[in-house]
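Following: one structure in structure tokens, then a few remarks.
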Amino acid sequence: MITNRWAGITALIAFVALSAILACRESGPKVTVGLPKQNSHFARGDTIHFVADLNSDVDPGVVPLREWRWISDIDGDLGRYPRVDIPNLSVGEHLITVSIHHKLGLSRGRVTVFVDSTATAR
């Protein structure tokens, strides 16, 4: 009988711990890509300004600039820092991911941009 009681208490503790972890993930630091706007179009050779913020109700600690990373699914690594200016993205549809390592883990944001071979309306 004591074994069953301890098993129940252990299961309850595990459930509470898992719930706390999931709640932290849902309310943890979130990345917002401010620029460019989702599905923006640019002409080949345009300099594209990428800007992101890390927002949280939970303190992520001091985030060194080197912990920011921007990646294009076509062109690869674009740079570090909360803001990067890229003058030479390849023509095509780019899924851009910004990721930030902080004391609570890893947060990511994404934006899709299009680089057209000719000038287009923005």
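In the structure tokens, chains take letters A, B, ... by order of appearance, with residues numbered from 1 within each chain and ligands from 1 in the order shown.
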**Message:** So that I can see what lies close to Gln38 of chain A, please list as a list of chain:residue names the residues with an atom at most 12 Å from it, counting only C-alpha atoms and leaving out residues fewer than 6 positions away in the same chain.
**Reply:**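 Non-adjacent residues within range: A:Thr32, A:Phe50, A:Glu93, A:His94, A:Leu95, A:Ile96, A:Gly109, A:Arg110, A:Val111, A:Thr112, A:Val113, A:Phe114, A:Arg122.
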**Request:** Work out how far apart atom CA of His101 of chain A and atom CA of Glu67 of chain A are and give it in Å to one decimal.
**Result:** 5.4 Å
Using 9 Å as the limit and counting only C-alpha atoms, can you tabulate each residue of segment 38-66 of chain A that touches segment 79-92 of chain A, with its shortest atom-to-atom distance in Å and the two atoms involved, as a tab-separated table?
```
residue	atom	partner	partner_atom	distance
A:Ala43	CA	A:Val91	CA	8.3
A:Arg44	CA	A:Val91	CA	6.2
A:Gly45	CA	A:Asn88	CA	5.5
A:Asp46	CA	A:Pro87	CA	5.6
A:Thr47	CA	A:Pro87	CA	3.8
A:Ile48	CA	A:Ile86	CA	5.2
A:His49	CA	A:Asp85	CA	4.5
A:Phe50	CA	A:Val84	CA	5.3
A:Val51	CA	A:Arg83	CA	4.5
A:Ala52	CA	A:Pro82	CA	5.5
A:Asp53	CA	A:Pro82	CA	6.8
A:Leu54	CA	A:Pro82	CA	8.8
A:Pro64	CA	A:Tyr81	CA	8.7
A:Leu65	CA	A:Tyr81	CA	5.0
A:Arg66	CA	A:Arg80	CA	6.0
```
**Request:** State, in Å with one decimal place, the distance from atom CA of Lys103 of chain A to atom CA of Gly28 of chain A.
**Result:**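 Pair atom CA of Lys103 of chain A / atom CA of Gly28 of chain A returns 11.0 Å.
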**Item:** 8 Å contact set for Ile71 of chain A, only C-alpha atoms, chain neighbours under 4 positions out, as a VMD selection string
**Value:** chain A and resid 75 to 79 96 to 98
Dump all heavy atoms for the selected residues as an mmCIF file, in the first residue's frame?
```cif
data_model
loop_
_atom_site.group_PDB
_atom_site.id
_atom_site.type_symbol
_atom_site.label_atom_id
_atom_site.label_comp_id
_atom_site.auth_asym_id
_atom_site.auth_seq_id
_atom_site.Cartn_x
_atom_site.Cartn_y
_atom_site.Cartn_z
ATOM 1 N N ASP A 75 20.535 30.867 -48.977
ATOM 2 C CA ASP A 75 21.904 31.409 -48.930
ATOM 3 C C ASP A 75 22.676 31.069 -47.658
ATOM 4 O O ASP A 75 23.849 31.412 -47.547
ATOM 5 C CB ASP A 75 21.875 32.934 -49.115
ATOM 6 C CG ASP A 75 21.468 33.326 -50.528
ATOM 7 O OD1 ASP A 75 21.618 32.504 -51.444
ATOM 8 O OD2 ASP A 75 20.994 34.457 -50.709
ATOM 9 N N GLY A 76 22.033 30.423 -46.709
ATOM 10 C CA GLY A 76 22.737 30.034 -45.488
ATOM 11 C C GLY A 76 22.891 31.178 -44.502
ATOM 12 O O GLY A 76 22.019 32.033 -44.375
ATOM 13 N N ASP A 77 24.016 31.206 -43.805
ATOM 14 C CA ASP A 77 24.265 32.164 -42.726
ATOM 15 C C ASP A 77 24.275 33.600 -43.262
ATOM 16 O O ASP A 77 25.007 33.917 -44.195
ATOM 17 C CB ASP A 77 25.594 31.840 -42.048
ATOM 18 C CG ASP A 77 25.810 32.645 -40.791
ATOM 19 O OD1 ASP A 77 24.861 32.753 -40.003
ATOM 20 O OD2 ASP A 77 26.920 33.169 -40.609
ATOM 21 N N LEU A 78 23.468 34.461 -42.637
ATOM 22 C CA LEU A 78 23.388 35.860 -43.054
ATOM 23 C C LEU A 78 24.069 36.801 -42.075
ATOM 24 O O LEU A 78 24.374 37.937 -42.424
ATOM 25 C CB LEU A 78 21.924 36.293 -43.211
ATOM 26 C CG LEU A 78 21.104 35.518 -44.239
ATOM 27 C CD1 LEU A 78 19.670 36.028 -44.237
ATOM 28 C CD2 LEU A 78 21.731 35.612 -45.616
ATOM 29 N N GLY A 79 24.270 36.349 -40.851
ATOM 30 C CA GLY A 79 24.953 37.202 -39.894
ATOM 31 C C GLY A 79 24.423 37.041 -38.493
ATOM 32 O O GLY A 79 23.539 36.237 -38.220
ATOM 33 N N ILE A 96 13.581 32.936 -43.916
ATOM 34 C CA ILE A 96 14.643 33.462 -43.065
ATOM 35 C C ILE A 96 14.302 33.107 -41.613
ATOM 36 O O ILE A 96 13.196 33.374 -41.143
ATOM 37 C CB ILE A 96 14.764 34.991 -43.196
ATOM 38 C CG1 ILE A 96 14.921 35.415 -44.661
ATOM 39 C CG2 ILE A 96 15.887 35.525 -42.310
ATOM 40 C CD1 ILE A 96 16.182 34.935 -45.332
ATOM 41 N N THR A 97 15.252 32.510 -40.922
ATOM 42 C CA THR A 97 15.078 32.147 -39.516
ATOM 43 C C THR A 97 16.084 32.919 -38.682
ATOM 44 O O THR A 97 17.272 32.947 -39.004
ATOM 45 C CB THR A 97 15.296 30.636 -39.308
ATOM 46 O OG1 THR A 97 14.389 29.917 -40.139
ATOM 47 C CG2 THR A 97 15.078 30.244 -37.840
ATOM 48 N N VAL A 98 15.588 33.556 -37.634
ATOM 49 C CA VAL A 98 16.470 34.193 -36.658
ATOM 50 C C VAL A 98 16.349 33.380 -35.380
ATOM 51 O O VAL A 98 15.254 33.028 -34.953
ATOM 52 C CB VAL A 98 16.125 35.688 -36.425
ATOM 53 C CG1 VAL A 98 14.688 35.880 -35.992
ATOM 54 C CG2 VAL A 98 17.097 36.313 -35.439
#
```
**Message:** Under the rule that only C-alpha atoms are counted, which of A:Ser117, A:Lys30, A:Ile13, A:Ile100 is the nearest residue to Val58 of chain A?
**Reply:** A:Lys30
**Request:** Using DSSP on the backbone coordinates, identify all residues within segment 18-92 of chain A classified as strand (DSSP E); present the result as a ChimeraX atom specification.
**Result:** /A:30-35,40-43,48-55,68-72,76-79,83-86,92
